[in-house]
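To start, the structure under review is shown below, and the notes come after it.
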Amino acid sequence: MLACRWVRLSLRLRAKRRRAAGKQAIGHASDNVVMDFLVLLLGGAVLGLAGVFVHLADTSANIGPFASAFWRMAIATPLLLAWVAWQRRSQRQPATIVPLSEAAAEPPGALQLQHRPARNAPPALLQHWPTRWLTLFTATMFALDLLLFHVAAIWTTVGNATLESNFAPVVIALAFWAITRVAPSSVYVTGLVAALAGASLMIGPNFHDPRALLGDACGLTSALFYAAYQVGVQQARQRLATAPLMAAVTLLAALVLWPFAWFEGRLWPTAAIGWVWLVGLALLVQIGGQVVIAYAVRRLNPALSSVGLLVQPAMAVVYAWVLLGQALAGWQIAGAALVLVGIYLARRGM
């Protein structure tokens, strides 16, 4: 009898311990989601500074938009290459004991330079391209996106340029609709209508200013290349790890941007403060913002990511108002809100 009671008591204690461990694991998972979402918000807030830095580099140091795009890539490239080299050296060191939680968060070999097998079946678009051509395509699309976005950030308001360049999810869904002939969801169509209506309200006051109107056109066109860049990155991430992919794309984009910056004739800052804005573009925006967002998005579900990524255009409007005095009029504020809602719905409906 005593033995039976002892067995039952032991089983109850084990069951309680399992329940407690399960609750603790759920609590840790919830904490991780909250932290990753906060990291995503931070990355979006940092990326929102891009247009402000471009505008300040132009007005305070006479750095052209093509030149600031080139320096953004050129300054970031050696740092990203150093990151890749450091990872290669660390992978050659003797194996050490890694806690289970860390091993689950970053699987072994996740940052190796060799090709990686696809984790999911990718879309057919660009799937059969050789890796080198896919990487070059991605870098070229990113370079063209930067050229147009940097021009837009100077010719129109920073808020307009950033909101317009974030039309990429709308463009991607339209492209896949045209290619696959699969009708988009009603959520996406609602988002598209809202985004277009909001863009019309934001651009409306610029119809009397040809330069600002052309800047808005550049901002909207940059979304086409940004969408192509996102598709290229999605495909390349099936084969390459984050660090080497970012380093290769940044280096190749700098090479593509170099002739534009050279022929523009405004390559070198005329004041020392210009280097502050260029270094900010490279470190805070290109490396800090992009890396932080890549880290967080990989761990969050698409719904949370869609909300978090809206921080970039929203914060860009705030930064432009506070730092540059580019306040939006009443209808433009309503248009900005519609654009944000439209982008969110378009992401959800993709």
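Ordering of the structure tokens sets the chain letters (A, B, ...), residue numbers begin anew at 1 in every chain, and ligands are numbered from 1 in the order given.
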
Please identify all polymer residues within 6 Å of range 239-256 of chain A, counting only C-alpha atoms, omitting same-chain residues fewer than 2 positions from it, and present them as a list of chain:residue names. A:Phe70, A:Met73, A:Ala74, A:Thr77, A:Leu80, A:Leu81, A:Val84, A:Leu111, A:His115, A:Arg116, A:Ala139, A:Thr140, A:Ala143, A:Ala236, A:Arg237, A:Trp258

Kindly save the residues from that selection, with C-alpha atoms included, as a PDB file, in the first residue's frame.
```
ATOM      1  CA  PHE A  70      26.270  55.873 -53.291  1.00  0.00           C
ATOM      2  CA  MET A  73      26.202  51.795 -49.788  1.00  0.00           C
ATOM      3  CA  ALA A  74      29.930  52.521 -49.952  1.00  0.00           C
ATOM      4  CA  THR A  77      30.048  47.791 -47.485  1.00  0.00           C
ATOM      5  CA  LEU A  80      29.242  44.244 -43.732  1.00  0.00           C
ATOM      6  CA  LEU A  81      32.241  42.488 -45.258  1.00  0.00           C
ATOM      7  CA  VAL A  84      31.010  38.175 -42.828  1.00  0.00           C
ATOM      8  CA  LEU A 111      25.055  32.170 -41.065  1.00  0.00           C
ATOM      9  CA  HIS A 115      24.247  27.750 -50.329  1.00  0.00           C
ATOM     10  CA  ARG A 116      21.375  26.727 -48.129  1.00  0.00           C
ATOM     11  CA  ALA A 139      21.361  44.779 -56.026  1.00  0.00           C
ATOM     12  CA  THR A 140      20.443  46.603 -59.242  1.00  0.00           C
ATOM     13  CA  ALA A 143      20.181  50.767 -56.412  1.00  0.00           C
ATOM     14  CA  ALA A 236      18.054  34.864 -52.539  1.00  0.00           C
ATOM     15  CA  ARG A 237      17.352  34.166 -48.862  1.00  0.00           C
ATOM     16  CA  TRP A 258      28.961  54.987 -58.596  1.00  0.00           C
TER      17      TRP A 258
END
```

Contacts between range 315-318 of chain A and range 120-174 of chain A, please, where a residue of range 120-174 of chain A counts if it comes within 9 Å (with only C-alpha atoms); show its shortest atom pair and distance in Å to one decimal, rows by chain and ascending number, as a tab-separated table.
```
residue	atom	partner	partner_atom	distance
A:Thr157	CA	A:Val317	CA	8.8
A:Val158	CA	A:Ala316	CA	6.8
A:Gly159	CA	A:Val317	CA	4.3
A:Asn160	CA	A:Val317	CA	7.8
A:Thr162	CA	A:Ala316	CA	6.7
A:Leu163	CA	A:Ala316	CA	8.3
```

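CA of Met141 in chain A is found 16.8 Å from CA of Val170 in chain A.
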
Compile the contact shell of Leu49 in chain A as a PyMOL selection string: residues with an atom at most 9 Å away, counting only C-alpha atoms, same-chain residues fewer than 6 positions apart removed. chain A and resi 280-281+284-285+312+315-316+319-320

Test item: residues at most 8 Å from Ala282 in chain A, only C-alpha atoms, excluding those fewer than 3 positions along its chain, as an mmCIF file with all heavy atoms, in the first residue's frame:
```cif
data_model
loop_
_atom_site.group_PDB
_atom_site.id
_atom_site.type_symbol
_atom_site.label_atom_id
_atom_site.label_comp_id
_atom_site.auth_asym_id
_atom_site.auth_seq_id
_atom_site.Cartn_x
_atom_site.Cartn_y
_atom_site.Cartn_z
ATOM 1 N N TRP A 71 27.144 56.864 -51.234
ATOM 2 C CA TRP A 71 27.864 56.827 -49.959
ATOM 3 C C TRP A 71 27.149 55.945 -48.942
ATOM 4 O O TRP A 71 27.793 55.313 -48.099
ATOM 5 C CB TRP A 71 28.049 58.235 -49.412
ATOM 6 C CG TRP A 71 29.091 59.037 -50.128
ATOM 7 C CD1 TRP A 71 28.904 60.185 -50.847
ATOM 8 C CD2 TRP A 71 30.492 58.755 -50.190
ATOM 9 N NE1 TRP A 71 30.081 60.637 -51.365
ATOM 10 C CE2 TRP A 71 31.086 59.774 -50.967
ATOM 11 C CE3 TRP A 71 31.303 57.746 -49.681
ATOM 12 C CZ2 TRP A 71 32.444 59.800 -51.232
ATOM 13 C CZ3 TRP A 71 32.652 57.770 -49.950
ATOM 14 C CH2 TRP A 71 33.215 58.790 -50.711
ATOM 15 N N ARG A 72 25.844 55.912 -49.004
ATOM 16 C CA ARG A 72 25.077 55.029 -48.109
ATOM 17 C C ARG A 72 25.525 53.588 -48.273
ATOM 18 O O ARG A 72 25.690 52.849 -47.293
ATOM 19 C CB ARG A 72 23.596 55.190 -48.415
ATOM 20 C CG ARG A 72 22.674 54.212 -47.698
ATOM 21 C CD ARG A 72 21.228 54.552 -48.017
ATOM 22 N NE ARG A 72 20.300 53.551 -47.500
ATOM 23 C CZ ARG A 72 18.970 53.660 -47.564
ATOM 24 N NH1 ARG A 72 18.423 54.740 -48.108
ATOM 25 N NH2 ARG A 72 18.194 52.715 -47.073
ATOM 26 N N MET A 73 25.751 53.157 -49.520
ATOM 27 C CA MET A 73 26.202 51.795 -49.788
ATOM 28 C C MET A 73 27.704 51.647 -49.564
ATOM 29 O O MET A 73 28.174 50.646 -49.004
ATOM 30 C CB MET A 73 25.863 51.411 -51.234
ATOM 31 C CG MET A 73 24.393 51.412 -51.577
ATOM 32 S SD MET A 73 23.459 50.104 -50.742
ATOM 33 C CE MET A 73 22.646 51.074 -49.493
ATOM 34 N N ILE A 75 29.882 53.267 -47.626
ATOM 35 C CA ILE A 75 30.332 53.280 -46.232
ATOM 36 C C ILE A 75 29.903 51.996 -45.529
ATOM 37 O O ILE A 75 30.623 51.464 -44.675
ATOM 38 C CB ILE A 75 29.792 54.519 -45.506
ATOM 39 C CG1 ILE A 75 30.372 55.785 -46.133
ATOM 40 C CG2 ILE A 75 30.125 54.473 -44.017
ATOM 41 C CD1 ILE A 75 29.774 57.080 -45.575
ATOM 42 N N ALA A 76 28.737 51.485 -45.875
ATOM 43 C CA ALA A 76 28.242 50.271 -45.213
ATOM 44 C C ALA A 76 28.958 49.012 -45.682
ATOM 45 O O ALA A 76 29.063 48.040 -44.927
ATOM 46 C CB ALA A 76 26.737 50.120 -45.454
ATOM 47 N N LEU A 278 25.808 61.211 -43.928
ATOM 48 C CA LEU A 278 26.155 60.038 -44.733
ATOM 49 C C LEU A 278 26.453 58.824 -43.855
ATOM 50 O O LEU A 278 26.014 57.703 -44.160
ATOM 51 C CB LEU A 278 27.360 60.348 -45.623
ATOM 52 C CG LEU A 278 27.137 61.414 -46.702
ATOM 53 C CD1 LEU A 278 28.426 61.675 -47.467
ATOM 54 C CD2 LEU A 278 26.020 61.013 -47.648
ATOM 55 N N VAL A 279 27.192 59.043 -42.782
ATOM 56 C CA VAL A 279 27.472 57.942 -41.856
ATOM 57 C C VAL A 279 26.174 57.475 -41.198
ATOM 58 O O VAL A 279 25.969 56.277 -40.972
ATOM 59 C CB VAL A 279 28.516 58.369 -40.803
ATOM 60 C CG1 VAL A 279 28.641 57.321 -39.704
ATOM 61 C CG2 VAL A 279 29.867 58.593 -41.466
ATOM 62 N N VAL A 285 20.657 53.582 -40.840
ATOM 63 C CA VAL A 285 19.590 53.175 -41.760
ATOM 64 C C VAL A 285 19.938 51.868 -42.470
ATOM 65 O O VAL A 285 19.208 50.874 -42.360
ATOM 66 C CB VAL A 285 19.309 54.291 -42.782
ATOM 67 C CG1 VAL A 285 18.275 53.837 -43.805
ATOM 68 C CG2 VAL A 285 18.829 55.551 -42.073
ATOM 69 N N GLN A 286 21.071 51.865 -43.195
ATOM 70 C CA GLN A 286 21.374 50.713 -44.028
ATOM 71 C C GLN A 286 21.717 49.470 -43.213
ATOM 72 O O GLN A 286 21.231 48.383 -43.495
ATOM 73 C CB GLN A 286 22.540 51.046 -44.976
ATOM 74 C CG GLN A 286 22.850 49.953 -45.972
ATOM 75 C CD GLN A 286 21.649 49.619 -46.846
ATOM 76 O OE1 GLN A 286 20.820 50.470 -47.123
ATOM 77 N NE2 GLN A 286 21.553 48.366 -47.274
ATOM 78 N N ILE A 287 22.565 49.627 -42.187
ATOM 79 C CA ILE A 287 22.965 48.466 -41.395
ATOM 80 C C ILE A 287 22.022 48.264 -40.213
ATOM 81 O O ILE A 287 21.431 47.197 -40.055
ATOM 82 C CB ILE A 287 24.417 48.620 -40.911
ATOM 83 C CG1 ILE A 287 25.366 48.639 -42.113
ATOM 84 C CG2 ILE A 287 24.786 47.471 -39.967
ATOM 85 C CD1 ILE A 287 26.821 48.785 -41.745
#
```

Between CA of Ile154 in chain A and CA of Leu310 in chain A - distance in Å to one decimal: 21.8 Å

List the spatial neighbours of range 328-335 of chain A as a list in words - criterion: any atom at most 10 Å away, only C-alpha atoms, same-chain residues fewer than 3 positions off excluded. Thr157, Gly159, Asn160, Ala194, Ala195, Leu196, Ala197, Gly198, Ala199, Ser200, Leu201, Met202, Ile203, Gly204, Pro205, Val317, Val318, Ala320, Trp321, Gly325, Leu338, Val339, Leu340 and Val341 of chain A

Based on the selection just made, write all heavy atoms of those residues as a short mmCIF file (atom, residue, chain, number, x, y, z; two decimals), in the first residue's frame.
```cif
data_model
loop_
_atom_site.label_atom_id
_atom_site.label_comp_id
_atom_site.auth_asym_id
_atom_site.auth_seq_id
_atom_site.Cartn_x
_atom_site.Cartn_y
_atom_site.Cartn_z
N THR A 157 8.15 66.27 -50.26
CA THR A 157 8.37 66.15 -48.82
C THR A 157 8.88 64.75 -48.48
O THR A 157 8.60 63.78 -49.19
CB THR A 157 7.07 66.41 -48.04
OG1 THR A 157 6.11 65.41 -48.37
CG2 THR A 157 6.52 67.79 -48.35
N GLY A 159 7.93 62.91 -46.00
CA GLY A 159 6.78 62.06 -45.69
C GLY A 159 6.15 61.48 -46.93
O GLY A 159 5.85 60.27 -46.99
N ASN A 160 5.93 62.32 -47.95
CA ASN A 160 5.37 61.82 -49.20
C ASN A 160 6.26 60.76 -49.83
O ASN A 160 5.80 59.69 -50.24
CB ASN A 160 5.20 62.98 -50.19
CG ASN A 160 3.88 63.70 -50.01
OD1 ASN A 160 3.32 63.72 -48.92
ND2 ASN A 160 3.38 64.32 -51.06
N ALA A 194 -7.79 52.08 -50.87
CA ALA A 194 -7.46 53.02 -49.80
C ALA A 194 -6.11 53.67 -50.03
O ALA A 194 -5.94 54.89 -49.85
CB ALA A 194 -7.48 52.29 -48.45
N ALA A 195 -5.11 52.89 -50.45
CA ALA A 195 -3.78 53.43 -50.67
C ALA A 195 -3.77 54.44 -51.82
O ALA A 195 -3.15 55.50 -51.73
CB ALA A 195 -2.79 52.30 -50.95
N LEU A 196 -4.46 54.12 -52.90
CA LEU A 196 -4.50 55.04 -54.04
C LEU A 196 -5.25 56.32 -53.70
O LEU A 196 -4.85 57.42 -54.10
CB LEU A 196 -5.15 54.34 -55.24
CG LEU A 196 -4.36 53.19 -55.85
CD1 LEU A 196 -5.16 52.52 -56.98
CD2 LEU A 196 -3.02 53.67 -56.37
N ALA A 197 -6.35 56.18 -52.95
CA ALA A 197 -7.09 57.37 -52.53
C ALA A 197 -6.23 58.25 -51.62
O ALA A 197 -6.20 59.48 -51.75
CB ALA A 197 -8.38 56.96 -51.83
N GLY A 198 -5.52 57.61 -50.69
CA GLY A 198 -4.65 58.37 -49.80
C GLY A 198 -3.53 59.05 -50.55
O GLY A 198 -3.18 60.21 -50.25
N ALA A 199 -2.93 58.36 -51.52
CA ALA A 199 -1.86 58.98 -52.31
C ALA A 199 -2.37 60.18 -53.08
O ALA A 199 -1.68 61.20 -53.21
CB ALA A 199 -1.27 57.94 -53.26
N SER A 200 -3.59 60.09 -53.60
CA SER A 200 -4.17 61.23 -54.33
C SER A 200 -4.33 62.45 -53.42
O SER A 200 -4.05 63.58 -53.83
CB SER A 200 -5.53 60.83 -54.92
OG SER A 200 -5.39 59.74 -55.81
N LEU A 201 -4.77 62.21 -52.18
CA LEU A 201 -4.93 63.32 -51.25
C LEU A 201 -3.58 63.94 -50.88
O LEU A 201 -3.46 65.15 -50.71
CB LEU A 201 -5.63 62.84 -49.98
CG LEU A 201 -7.11 62.46 -50.13
CD1 LEU A 201 -7.65 61.90 -48.81
CD2 LEU A 201 -7.93 63.66 -50.55
N MET A 202 -2.54 63.10 -50.76
CA MET A 202 -1.23 63.62 -50.39
C MET A 202 -0.56 64.37 -51.53
O MET A 202 0.13 65.36 -51.33
CB MET A 202 -0.33 62.47 -49.93
CG MET A 202 -0.78 61.81 -48.65
SD MET A 202 0.45 60.67 -48.02
CE MET A 202 1.77 61.80 -47.61
N ILE A 203 -0.75 63.89 -52.75
CA ILE A 203 -0.10 64.51 -53.91
C ILE A 203 -0.86 65.74 -54.38
O ILE A 203 -0.26 66.65 -54.97
CB ILE A 203 0.03 63.48 -55.05
CG1 ILE A 203 0.94 62.32 -54.61
CG2 ILE A 203 0.57 64.10 -56.32
CD1 ILE A 203 0.97 61.17 -55.58
N GLY A 204 -2.16 65.80 -54.10
CA GLY A 204 -2.99 66.89 -54.61
C GLY A 204 -2.41 68.29 -54.46
O GLY A 204 -2.34 69.05 -55.45
N PRO A 205 -1.95 68.69 -53.26
CA PRO A 205 -1.40 70.04 -53.11
C PRO A 205 -0.16 70.32 -53.95
O PRO A 205 0.22 71.50 -54.10
CB PRO A 205 -1.07 70.12 -51.60
CG PRO A 205 -1.95 69.10 -50.97
CD PRO A 205 -2.06 68.00 -51.97
N VAL A 317 7.02 60.69 -41.45
CA VAL A 317 6.17 61.89 -41.46
C VAL A 317 6.43 62.72 -40.20
O VAL A 317 6.53 63.95 -40.27
CB VAL A 317 4.69 61.48 -41.55
CG1 VAL A 317 3.78 62.70 -41.38
CG2 VAL A 317 4.40 60.80 -42.88
N VAL A 318 6.55 62.05 -39.05
CA VAL A 318 6.81 62.76 -37.80
C VAL A 318 8.18 63.43 -37.82
O VAL A 318 8.34 64.60 -37.45
CB VAL A 318 6.69 61.80 -36.60
CG1 VAL A 318 7.08 62.50 -35.30
CG2 VAL A 318 5.28 61.23 -36.51
N ALA A 320 9.96 64.37 -40.41
CA ALA A 320 9.98 65.48 -41.36
C ALA A 320 9.29 66.71 -40.79
O ALA A 320 9.71 67.86 -41.05
CB ALA A 320 9.30 65.05 -42.67
N TRP A 321 8.25 66.50 -40.02
CA TRP A 321 7.54 67.61 -39.39
C TRP A 321 8.39 68.26 -38.29
O TRP A 321 8.55 69.48 -38.25
CB TRP A 321 6.21 67.11 -38.83
CG TRP A 321 5.44 68.12 -38.03
CD1 TRP A 321 5.34 69.46 -38.30
CD2 TRP A 321 4.67 67.89 -36.85
NE1 TRP A 321 4.54 70.08 -37.37
CE2 TRP A 321 4.12 69.13 -36.46
CE3 TRP A 321 4.37 66.75 -36.11
CZ2 TRP A 321 3.31 69.26 -35.34
CZ3 TRP A 321 3.56 66.88 -35.00
CH2 TRP A 321 3.04 68.12 -34.61
N GLY A 325 10.41 70.76 -40.48
CA GLY A 325 9.31 71.71 -40.59
C GLY A 325 8.36 71.39 -41.74
O GLY A 325 7.63 72.28 -42.20
N LEU A 338 -4.86 57.08 -44.76
CA LEU A 338 -5.42 56.13 -45.73
C LEU A 338 -4.33 55.27 -46.36
O LEU A 338 -4.52 54.07 -46.57
CB LEU A 338 -6.19 56.89 -46.82
CG LEU A 338 -7.67 57.19 -46.56
CD1 LEU A 338 -8.23 58.02 -47.71
CD2 LEU A 338 -8.46 55.90 -46.41
N VAL A 339 -3.20 55.87 -46.67
CA VAL A 339 -2.09 55.11 -47.25
C VAL A 339 -1.62 54.04 -46.28
O VAL A 339 -1.38 52.87 -46.67
CB VAL A 339 -0.93 56.05 -47.63
CG1 VAL A 339 0.32 55.24 -47.97
CG2 VAL A 339 -1.32 56.91 -48.82
N LEU A 340 -1.47 54.39 -45.01
CA LEU A 340 -1.02 53.41 -44.01
C LEU A 340 -2.01 52.26 -43.89
O LEU A 340 -1.62 51.09 -43.84
CB LEU A 340 -0.82 54.09 -42.67
CG LEU A 340 0.36 55.07 -42.57
CD1 LEU A 340 0.36 55.77 -41.22
CD2 LEU A 340 1.67 54.35 -42.79
N VAL A 341 -3.30 52.60 -43.85
CA VAL A 341 -4.32 51.55 -43.77
C VAL A 341 -4.29 50.68 -45.03
O VAL A 341 -4.39 49.45 -44.97
CB VAL A 341 -5.71 52.18 -43.58
CG1 VAL A 341 -6.80 51.13 -43.72
CG2 VAL A 341 -5.80 52.85 -42.21
#
```
